[in-house]
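Colleague: Please find one structure pasted underneath; my questions will follow.
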Amino acid sequence: MDFFAPILTSEDTGSLVTLFSYYLLLNVTIAVIAHYRPWKILNLFGVTVTFGLAYYWGISENLSTVIETQRWALVALVTLHWLLYLFVVIRYAQQIITYNALNEKDLSHADNVDDTKHLDRAHVGSSYVFPIDTGLLFSVPLLAFGLFSALLNDISNALTITSAILAMVYLGMGWLFIQRSRRYALITEGMLALGLGFFALVIPLALDAEWIAFGWSVQGLALVWFGRRSLRSWSVLFGLLLQLVSIGMLVTTAIFSITDYPVLAFSISALSYLATVFILRASNSPAALINSLDSSNNLSSLKNKGTTTSSVIQLQTSVIQSQTLDGASDTLTSYASALGVSTQAAQQWLTSIDSQSRVFKFVWHSPRFIKFLTLTAMAWMLQVLMLDLHHWFDIWQSSTTVIALAALISLIAYWVINRYRPWAEIRQLSHGLLALFYFMLILQLPQKFERNLTWATAEWLVFVSLIIGWLVMGQLWLKTWSDTLSDNDNVSRYTAASWLGTGLLLIAAAAHYGLPDSDGVMAFLFSAVLILFGLWFNRRYLSQNAENTSTNKVSEQGLLYWFDWQQALLGCAAIFAPIALLWVVLTNWSYDGMIWELSYFPLFNLYDITSWLTLSVGFSLYYISQHSHNEIVIESSADAKSKRVFTAENLLIVLGLISFWLISSMLVRTLHAFIGTPLWNDYQGGAWQSEQVQTGLTILWTLLALVATIMASRYWQRALWFMGIGLLGIVVLKLVLVDLSQTEAIWRVISFLGAGSLILLIGYLAPLPPAHEETENQNQAS
């Protein structure tokens with residue numbers, strides 16, 4: 001009630017200096033009690049009431065007149081309260097450390113005399129107590145600094161000097177504790193973290209108010225580092241909150257200040273946030289050590305109970321796996337040194353907080369949370385690098401160049417970090433960053449090669465650097481994923497395919513560099529040629545390898561052993577084929593096939609050659625899938641086949657339909673080039689309204705049906721035969737519904753005579769092939 005007596009009896013006529021002088025006497029009493037006995041609740045109550053009332057009156061009342069008249073007295077009172085509670089924090093740490101030391105001696109004595117009852121009493125009556133009042137240690141200086149900022153805001157450089165004084169005090173106290181004993185390791189680290197945080201505020205406060213985010217980033221990093229060392233999860237969460245708030249402030253600055261923004265503050269913020277996530281990475285988590293200790297204890301108990309050898313081996317394997325997560329992961333001895341206690345007490349403390357603290361489980365047992373933080377850190381670092389590059393090299397006009405260069409710098413930095421300190425989250429998320437780098441590199445090819453723009457010398461050097469980065473960093477990351485068993489999955493295969501595909505596009509772009517614009521025809525042409533050559537070479541290599549295996553000749557491990565060329569090439573072809581085939585389908589609707597003003601001749605022009613080579617890539621994939629189907633034993637039940645959508649049979653149907661569309665479009669383009677008929681999308685209904693085109697399509701489709709049925713009859717392919725007959729049915733419907741009503745007599749006669757003759761020829765040359773069951777019965781009878 002002593003704290004609330006002035007509030008209940010006041011008449012709003014008293015002085016703030018008198019009021020907080022009274023509170024100072026009460027807090028001195030709390031400090032005297034804390035000198036002889038730790039009382040955490042009383043300490044927290046005194047801080048809450050004293051600083052809570054100060055902030056309440058500062059927010060709800062206009063105290064500008066009071067501050068002007070009583071400024072320095074209030075500053076002195078705030079300083080005395082801050083020093084008083086600094087003493088309380090130190091005494092609390094000293095008393096708790098002494099208490100833990102006495103308990104350790106009790107446990108050690110019980111272990112030495114082998115007194116079971118005494119040991120049980122020691123374990124029950126003595127538990128490790130965390131030696132720092134973290135809330136008091138960090139909240140009082142931050143609350144005091146907030147009051148200092150309100151009292152000294154009108155004085156130039158006052159806050160800078162205040163921050164420097166606070167930094168000197170905390171750094172000096174940390175140095176004194178370093179000289180005392182290793183048992184004061186945690187409070188030493190807390191003092192140093194606060195000292196470094198206030199020291200980081202000196203420069204931004206001296207320069208500009210916007211630089212406050214700079215200091216918060218460094219303070220957040222210090223809090224996360226301290227929380228990781230002391231296993232205080234709330235400190236980690238508060239540090240993360242400071243980091244995110246500072247990033248939000250900087251993002252707001254970047255949005256509303258297009259040109260003038262603090263580049264150094266952005267860079268320090270990104271580096272601090274990345275260092276924060278690095279500290280919190282899963283391989284550096286204390287949960288790994290806890291799991292290792294639990295497995296070791298279970299292993300010892302099983303050995304003592306005479307458990308079977310297989311169970312012991314399984315537990316040994318789990319222990320080895322948990323201990324090899326990270327070579328730099330803290331051991332139990334380092335935790336004990338940081339806590340200032342024995343190894344046994346440290347193990348007890350770890351087990352206790354792991355089982356009781358929900359915040360600890362949220363921070364250290366949430367891989368998705370850590371992965372999300374890593375993703376945001378990578379995105380923020382990429383954005384800051386882009387802003388820095390735009391600021392330093394404002395002559396660049398291409399955003400894709402800046403993004404690609406920023407992604408390349410990030411990939412190099414992450415690879416170096418992972419090389420010396422394994423970082424699983426970075427290894428997983430680098431797949432997406434590498435794909436972004438490849439995509440940005442590819443986007444530069446049309447605007448620089450296809451249009452044949454002139455580049456400045458510096459941009460050429462940057463582009464060459466990007467190509468070298470694709471060649472080197474792509475392979476280094478593939479080797480990293482290959483060496484890490486947990487990362488060697490399907491994602492790495494797609495990454496290998498994207499690396500090879502990017503290289504093929506670079507070669508294709510260089511092959512037609514300097515040529516006029518071809519609407520993408522040359523890019524698809526060279527890419528298809530390179531892929532077909534690669535598939536042919538791959539097929540030949542596999543045949544030679546099979547022969548060497550049959551003759552017991554095994555080839556030595558070659559260069560780039562981690563890179564599976566065969567799978568990468570197949571993946572590259574699988575990515576290229578649907579994109580290129582879609583391009584073929586869409587461009588055949590409106591393209592006349594004329595490139596560089598050359599006259600069109602069917603089949604012997606670049607567009608038709610490109611289209612058929614693209615189809616050849618698709619048919620090559622079908623052949624490879626059929627060959628693999630014949631060599632590998634797979635599920636062949638009807639239920640399994642019915643669940644598969646992208647089968648070889650469906651691929652053949654799609655390729656057949658695209659071939660049918662391409663052949664029909666070639667006829668339309670040929671008639672357009674020689675007799676001037678419209679294309680598919682031309683005026684007045686396009687090719688469907690042309691009598692010559694309709695007659696030509698009727699005869700062409702009937703010829704296609706003839707070829708399909710003859711081939712089906714010769715090779716006993718009933719499905720192909722029915723497809724040909726189905727096409728004949730379409731021709732008959734077209735004759736009745738289209739040709740009879742929309743064509744003149746002469747073209748109608750030509751259509752009917754040509755289609756009828758070919759249909760008779762089909763009935764004579766291509767009878768229905770026998771079913772599979774009939775063929776088996778004939779073979780058995782013979």
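Ordering of the structure tokens sets the chain letters (A, B, ...); residue numbers start at 1 within each chain; ligands are numbered from 1 in the order shown.
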Might you pull out every residue within 8 Å of segment 67-84 of chain A, with only C-alpha atoms counted and same-chain residues fewer than 5 positions away left off, and present them as a list in words?
Modeller: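 Using only C-alpha atoms, the neighbours found are Leu16, Val17, Phe20, Ser21, Leu24, Asn27, Val28, Ala31, Val140, Pro141, Ala144, Leu147, Phe148 and Leu151 of chain A.
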Colleague: Write the residues of the preceding selection, restricted to N, CA, C and O atoms, as a short mmCIF file (atom, residue, chain, number, x, y, z; two decimals), in the first residue's frame.
Modeller:
data_model
loop_
_atom_site.label_atom_id
_atom_site.label_comp_id
_atom_site.auth_asym_id
_atom_site.auth_seq_id
_atom_site.Cartn_x
_atom_site.Cartn_y
_atom_site.Cartn_z
N LEU A 16 6.31 16.39 -9.09
CA LEU A 16 6.80 15.10 -9.57
C LEU A 16 8.11 14.74 -8.89
O LEU A 16 8.38 13.56 -8.61
N VAL A 17 8.93 15.73 -8.60
CA VAL A 17 10.20 15.46 -7.93
C VAL A 17 9.95 14.90 -6.53
O VAL A 17 10.59 13.93 -6.09
N PHE A 20 8.50 11.18 -6.87
CA PHE A 20 9.45 10.13 -7.23
C PHE A 20 10.63 10.07 -6.25
O PHE A 20 11.33 9.07 -6.21
N SER A 21 10.82 11.13 -5.45
CA SER A 21 11.77 11.02 -4.34
C SER A 21 11.23 10.07 -3.28
O SER A 21 11.98 9.26 -2.69
N LEU A 24 11.72 6.73 -4.57
CA LEU A 24 13.13 6.35 -4.46
C LEU A 24 13.42 5.76 -3.08
O LEU A 24 14.15 4.77 -2.95
N ASN A 27 12.07 2.25 -3.04
CA ASN A 27 12.91 1.35 -3.84
C ASN A 27 14.24 1.08 -3.15
O ASN A 27 14.84 0.01 -3.33
N VAL A 28 14.72 2.06 -2.34
CA VAL A 28 15.93 1.80 -1.55
C VAL A 28 15.64 0.70 -0.54
O VAL A 28 16.49 -0.18 -0.28
N ALA A 31 15.86 -2.47 -2.27
CA ALA A 31 17.26 -2.82 -2.53
C ALA A 31 17.93 -3.38 -1.28
O ALA A 31 18.75 -4.31 -1.36
N VAL A 140 14.66 -2.58 -17.16
CA VAL A 140 14.97 -1.31 -16.47
C VAL A 140 15.79 -0.36 -17.35
O VAL A 140 15.44 0.83 -17.47
N PRO A 141 16.90 -0.79 -17.99
CA PRO A 141 17.63 0.17 -18.84
C PRO A 141 16.81 0.65 -20.03
O PRO A 141 16.92 1.82 -20.42
N ALA A 144 14.28 3.12 -18.59
CA ALA A 144 14.98 4.34 -18.20
C ALA A 144 15.41 5.16 -19.42
O ALA A 144 15.31 6.40 -19.41
N LEU A 147 12.52 7.17 -20.66
CA LEU A 147 12.30 8.39 -19.88
C LEU A 147 13.36 9.44 -20.18
O LEU A 147 13.05 10.65 -20.26
N PHE A 148 14.60 9.01 -20.35
CA PHE A 148 15.66 9.95 -20.73
C PHE A 148 15.34 10.62 -22.07
O PHE A 148 15.58 11.83 -22.25
N LEU A 151 12.80 13.33 -21.45
CA LEU A 151 13.31 14.47 -20.69
C LEU A 151 14.36 15.27 -21.43
O LEU A 151 14.47 16.50 -21.25
#
Colleague: Would you please work out which residue, of A:Ile178, A:Ala164, A:Leu500, A:Leu63, is nearest to Leu196 of chain A when using only C-alpha atoms?
Modeller: A:Ala164
Colleague: Please give the complete set of residues from segment 155-279 of chain A that DSSP, run on the backbone, assigns to alpha helix (DSSP H), formatted as an MDAnalysis selection string.
Modeller: chainID A and resid 158:180 185:207 212:230 233:256 263:279
Colleague: Once you have the residues from the selection above, write them out as an mmCIF file, in the first residue's frame, restricted to C-alpha atoms.
Modeller:
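The result, written out as again.cif:
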data_model
loop_
_atom_site.group_PDB
_atom_site.id
_atom_site.type_symbol
_atom_site.label_atom_id
_atom_site.label_comp_id
_atom_site.auth_asym_id
_atom_site.auth_seq_id
_atom_site.Cartn_x
_atom_site.Cartn_y
_atom_site.Cartn_z
ATOM 1 C CA ALA A 158 21.854 14.665 -25.120
ATOM 2 C CA LEU A 159 20.506 11.243 -26.066
ATOM 3 C CA THR A 160 23.764 10.397 -27.801
ATOM 4 C CA ILE A 161 25.719 11.181 -24.651
ATOM 5 C CA THR A 162 23.193 9.245 -22.535
ATOM 6 C CA SER A 163 23.500 6.199 -24.740
ATOM 7 C CA ALA A 164 27.294 6.402 -24.575
ATOM 8 C CA ILE A 165 27.228 6.611 -20.757
ATOM 9 C CA LEU A 166 24.914 3.612 -20.496
ATOM 10 C CA ALA A 167 27.147 1.658 -22.874
ATOM 11 C CA MET A 168 30.259 2.493 -20.821
ATOM 12 C CA VAL A 169 28.569 1.455 -17.554
ATOM 13 C CA TYR A 170 27.363 -1.913 -18.857
ATOM 14 C CA LEU A 171 30.579 -2.692 -20.707
ATOM 15 C CA GLY A 172 32.558 -1.777 -17.587
ATOM 16 C CA MET A 173 30.371 -3.998 -15.391
ATOM 17 C CA GLY A 174 30.801 -6.836 -17.851
ATOM 18 C CA TRP A 175 34.566 -6.414 -17.722
ATOM 19 C CA LEU A 176 34.525 -6.507 -13.902
ATOM 20 C CA PHE A 177 32.509 -9.723 -13.889
ATOM 21 C CA ILE A 178 34.913 -11.273 -16.370
ATOM 22 C CA GLN A 179 37.684 -10.664 -13.853
ATOM 23 C CA ARG A 180 35.689 -12.160 -10.971
ATOM 24 C CA ALA A 185 29.336 -15.922 -17.229
ATOM 25 C CA LEU A 186 25.635 -15.337 -17.894
ATOM 26 C CA ILE A 187 25.319 -11.966 -16.186
ATOM 27 C CA THR A 188 28.576 -10.969 -17.863
ATOM 28 C CA GLU A 189 27.116 -11.777 -21.274
ATOM 29 C CA GLY A 190 23.930 -9.903 -20.399
ATOM 30 C CA MET A 191 25.897 -6.806 -19.396
ATOM 31 C CA LEU A 192 27.985 -6.973 -22.550
ATOM 32 C CA ALA A 193 24.876 -7.409 -24.712
ATOM 33 C CA LEU A 194 23.294 -4.287 -23.202
ATOM 34 C CA GLY A 195 26.558 -2.370 -23.504
ATOM 35 C CA LEU A 196 26.945 -3.242 -27.151
ATOM 36 C CA GLY A 197 23.306 -2.407 -27.801
ATOM 37 C CA PHE A 198 23.571 1.083 -26.315
ATOM 38 C CA PHE A 199 26.915 1.587 -28.029
ATOM 39 C CA ALA A 200 25.246 0.755 -31.334
ATOM 40 C CA LEU A 201 22.751 3.572 -30.688
ATOM 41 C CA VAL A 202 25.438 6.236 -30.313
ATOM 42 C CA ILE A 203 26.134 6.742 -34.034
ATOM 43 C CA PRO A 204 22.514 6.645 -35.290
ATOM 44 C CA LEU A 205 21.342 9.041 -32.558
ATOM 45 C CA ALA A 206 24.136 11.397 -33.467
ATOM 46 C CA LEU A 207 23.239 11.348 -37.147
ATOM 47 C CA ILE A 212 17.150 4.127 -34.775
ATOM 48 C CA ALA A 213 16.376 0.948 -36.751
ATOM 49 C CA PHE A 214 20.135 0.423 -37.055
ATOM 50 C CA GLY A 215 20.465 0.259 -33.278
ATOM 51 C CA TRP A 216 17.413 -1.950 -32.869
ATOM 52 C CA SER A 217 18.820 -4.438 -35.345
ATOM 53 C CA VAL A 218 22.056 -4.731 -33.394
ATOM 54 C CA GLN A 219 20.201 -4.868 -30.072
ATOM 55 C CA GLY A 220 17.933 -7.597 -31.408
ATOM 56 C CA LEU A 221 20.957 -9.589 -32.506
ATOM 57 C CA ALA A 222 22.541 -9.166 -29.062
ATOM 58 C CA LEU A 223 19.342 -10.337 -27.346
ATOM 59 C CA VAL A 224 19.049 -13.392 -29.574
ATOM 60 C CA TRP A 225 22.693 -14.272 -28.964
ATOM 61 C CA PHE A 226 22.248 -13.870 -25.224
ATOM 62 C CA GLY A 227 19.026 -15.887 -25.280
ATOM 63 C CA ARG A 228 20.747 -18.677 -27.163
ATOM 64 C CA ARG A 229 23.659 -18.740 -24.738
ATOM 65 C CA SER A 230 21.446 -18.621 -21.643
ATOM 66 C CA SER A 233 13.425 -18.134 -25.004
ATOM 67 C CA TRP A 234 11.717 -14.861 -24.120
ATOM 68 C CA SER A 235 14.965 -13.022 -24.800
ATOM 69 C CA VAL A 236 15.102 -14.680 -28.223
ATOM 70 C CA LEU A 237 11.514 -13.703 -29.027
ATOM 71 C CA PHE A 238 12.087 -10.102 -27.899
ATOM 72 C CA GLY A 239 15.223 -9.887 -30.036
ATOM 73 C CA LEU A 240 13.299 -11.205 -33.034
ATOM 74 C CA LEU A 241 10.580 -8.622 -32.382
ATOM 75 C CA LEU A 242 13.171 -5.828 -32.404
ATOM 76 C CA GLN A 243 14.598 -7.169 -35.649
ATOM 77 C CA LEU A 244 11.183 -7.297 -37.347
ATOM 78 C CA VAL A 245 10.197 -3.817 -36.118
ATOM 79 C CA SER A 246 13.457 -2.359 -37.437
ATOM 80 C CA ILE A 247 12.930 -4.070 -40.786
ATOM 81 C CA GLY A 248 9.398 -2.653 -40.930
ATOM 82 C CA MET A 249 10.739 0.845 -40.289
ATOM 83 C CA LEU A 250 13.360 0.480 -43.012
ATOM 84 C CA VAL A 251 10.833 -0.907 -45.500
ATOM 85 C CA THR A 252 8.610 2.103 -44.803
ATOM 86 C CA THR A 253 11.591 4.382 -45.372
ATOM 87 C CA ALA A 254 12.373 2.664 -48.681
ATOM 88 C CA ILE A 255 8.771 3.018 -49.859
ATOM 89 C CA PHE A 256 8.393 6.707 -49.079
ATOM 90 C CA VAL A 263 22.223 2.297 -47.355
ATOM 91 C CA LEU A 264 24.424 1.419 -44.380
ATOM 92 C CA ALA A 265 21.415 1.000 -42.095
ATOM 93 C CA PHE A 266 19.778 -1.348 -44.612
ATOM 94 C CA SER A 267 22.941 -3.415 -44.948
ATOM 95 C CA ILE A 268 23.523 -3.721 -41.193
ATOM 96 C CA SER A 269 19.874 -4.674 -40.685
ATOM 97 C CA ALA A 270 20.062 -7.450 -43.278
ATOM 98 C CA LEU A 271 23.350 -8.788 -41.896
ATOM 99 C CA SER A 272 22.047 -8.662 -38.312
ATOM 100 C CA TYR A 273 18.863 -10.515 -39.216
ATOM 101 C CA LEU A 274 20.822 -13.126 -41.156
ATOM 102 C CA ALA A 275 23.189 -13.574 -38.192
ATOM 103 C CA THR A 276 20.147 -13.926 -35.927
ATOM 104 C CA VAL A 277 18.716 -16.727 -38.032
ATOM 105 C CA PHE A 278 22.153 -18.341 -38.206
ATOM 106 C CA ILE A 279 22.250 -18.467 -34.415
#
Colleague: Tell me, as a list in words, which residues lie within 8 Å of Leu382 of chain A, counting only C-alpha atoms; anything in the same chain fewer than 6 positions away does not count.
Modeller: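 Once the nearby chain positions are removed, what remains is Ile403, Ala406, Ala407 and Ser410 of chain A.
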Colleague: Between atom CA of Ser590 of chain A and atom CA of Tyr607 of chain A, measure the distance and give it in Å to one decimal.
Modeller: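 If I compute the distance from atom CA of Ser590 of chain A to atom CA of Tyr607 of chain A, I get 12.6 Å.
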Colleague: For Ala404 of chain A, which of A:Phe439, A:Trp562, A:Tyr56, A:Tyr591 is the closest residue, counting only C-alpha atoms?
Modeller: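 Closest to Ala404 of chain A, using only C-alpha atoms: A:Phe439.
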Colleague: Quick one: everything within 10 Å of Leu671 of chain A, counting only C-alpha atoms, minus sequence neighbours fewer than 3 positions away in the same chain. Send it as an mmCIF file with N, CA and C atoms, in the first residue's frame.
Modeller:
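Writing done, so here's selection09.cif:
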data_model
loop_
_atom_site.group_PDB
_atom_site.id
_atom_site.type_symbol
_atom_site.label_atom_id
_atom_site.label_comp_id
_atom_site.auth_asym_id
_atom_site.auth_seq_id
_atom_site.Cartn_x
_atom_site.Cartn_y
_atom_site.Cartn_z
ATOM 1 N N PRO A 602 7.066 -25.451 -97.986
ATOM 2 C CA PRO A 602 6.761 -26.403 -96.916
ATOM 3 C C PRO A 602 7.940 -27.332 -96.629
ATOM 4 N N SER A 665 -1.839 -27.325 -90.406
ATOM 5 C CA SER A 665 -1.407 -25.922 -90.493
ATOM 6 C C SER A 665 -0.387 -25.727 -91.604
ATOM 7 N N MET A 666 0.461 -26.725 -91.842
ATOM 8 C CA MET A 666 1.407 -26.618 -92.963
ATOM 9 C C MET A 666 0.668 -26.516 -94.288
ATOM 10 N N LEU A 667 -0.410 -27.280 -94.440
ATOM 11 C CA LEU A 667 -1.207 -27.183 -95.671
ATOM 12 C C LEU A 667 -1.815 -25.801 -95.816
ATOM 13 N N VAL A 668 -2.340 -25.252 -94.699
ATOM 14 C CA VAL A 668 -2.946 -23.925 -94.740
ATOM 15 C C VAL A 668 -1.903 -22.877 -95.107
ATOM 16 N N PHE A 674 1.080 -19.839 -101.827
ATOM 17 C CA PHE A 674 1.098 -20.032 -103.290
ATOM 18 C C PHE A 674 -0.152 -19.501 -103.976
ATOM 19 N N ILE A 675 -1.323 -19.602 -103.355
ATOM 20 C CA ILE A 675 -2.545 -19.142 -104.041
ATOM 21 C C ILE A 675 -3.286 -18.065 -103.248
ATOM 22 N N GLY A 676 -2.725 -17.666 -102.108
ATOM 23 C CA GLY A 676 -3.280 -16.531 -101.394
ATOM 24 C C GLY A 676 -4.497 -16.821 -100.540
ATOM 25 N N THR A 677 -4.737 -18.042 -100.146
ATOM 26 C CA THR A 677 -5.867 -18.354 -99.255
ATOM 27 C C THR A 677 -5.571 -17.826 -97.855
ATOM 28 N N PRO A 678 -6.607 -17.603 -97.044
ATOM 29 C CA PRO A 678 -6.377 -17.042 -95.703
ATOM 30 C C PRO A 678 -5.784 -18.083 -94.747
ATOM 31 N N LEU A 679 -5.167 -17.582 -93.667
ATOM 32 C CA LEU A 679 -4.696 -18.437 -92.579
ATOM 33 C C LEU A 679 -5.860 -18.754 -91.634
ATOM 34 N N ALA A 687 -9.452 -19.677 -92.580
ATOM 35 C CA ALA A 687 -9.292 -20.794 -93.518
ATOM 36 C C ALA A 687 -10.554 -21.635 -93.645
ATOM 37 N N GLN A 692 -10.816 -23.856 -101.327
ATOM 38 C CA GLN A 692 -9.591 -24.584 -101.634
ATOM 39 C C GLN A 692 -9.006 -25.246 -100.374
ATOM 40 N N VAL A 693 -9.038 -24.508 -99.237
ATOM 41 C CA VAL A 693 -8.518 -25.062 -97.992
ATOM 42 C C VAL A 693 -9.369 -26.246 -97.541
ATOM 43 N N GLY A 696 -8.526 -29.246 -99.718
ATOM 44 C CA GLY A 696 -7.196 -29.753 -99.376
ATOM 45 C C GLY A 696 -7.184 -30.483 -98.039
#
Colleague: Between A:Ala511, A:Ile426, A:Met522, A:Leu586, which is the closest to Thr480 of chain A once you count only C-alpha atoms?
Modeller: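 So, comparing all the options, the nearest one is A:Ile426.
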Colleague: What does the distance from atom CA of Leu569 of chain A to atom CA of Ala497 of chain A come to in Å, to one decimal?
Modeller: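 For atom CA of Leu569 of chain A relative to atom CA of Ala497 of chain A, the distance reads 6.4 Å.
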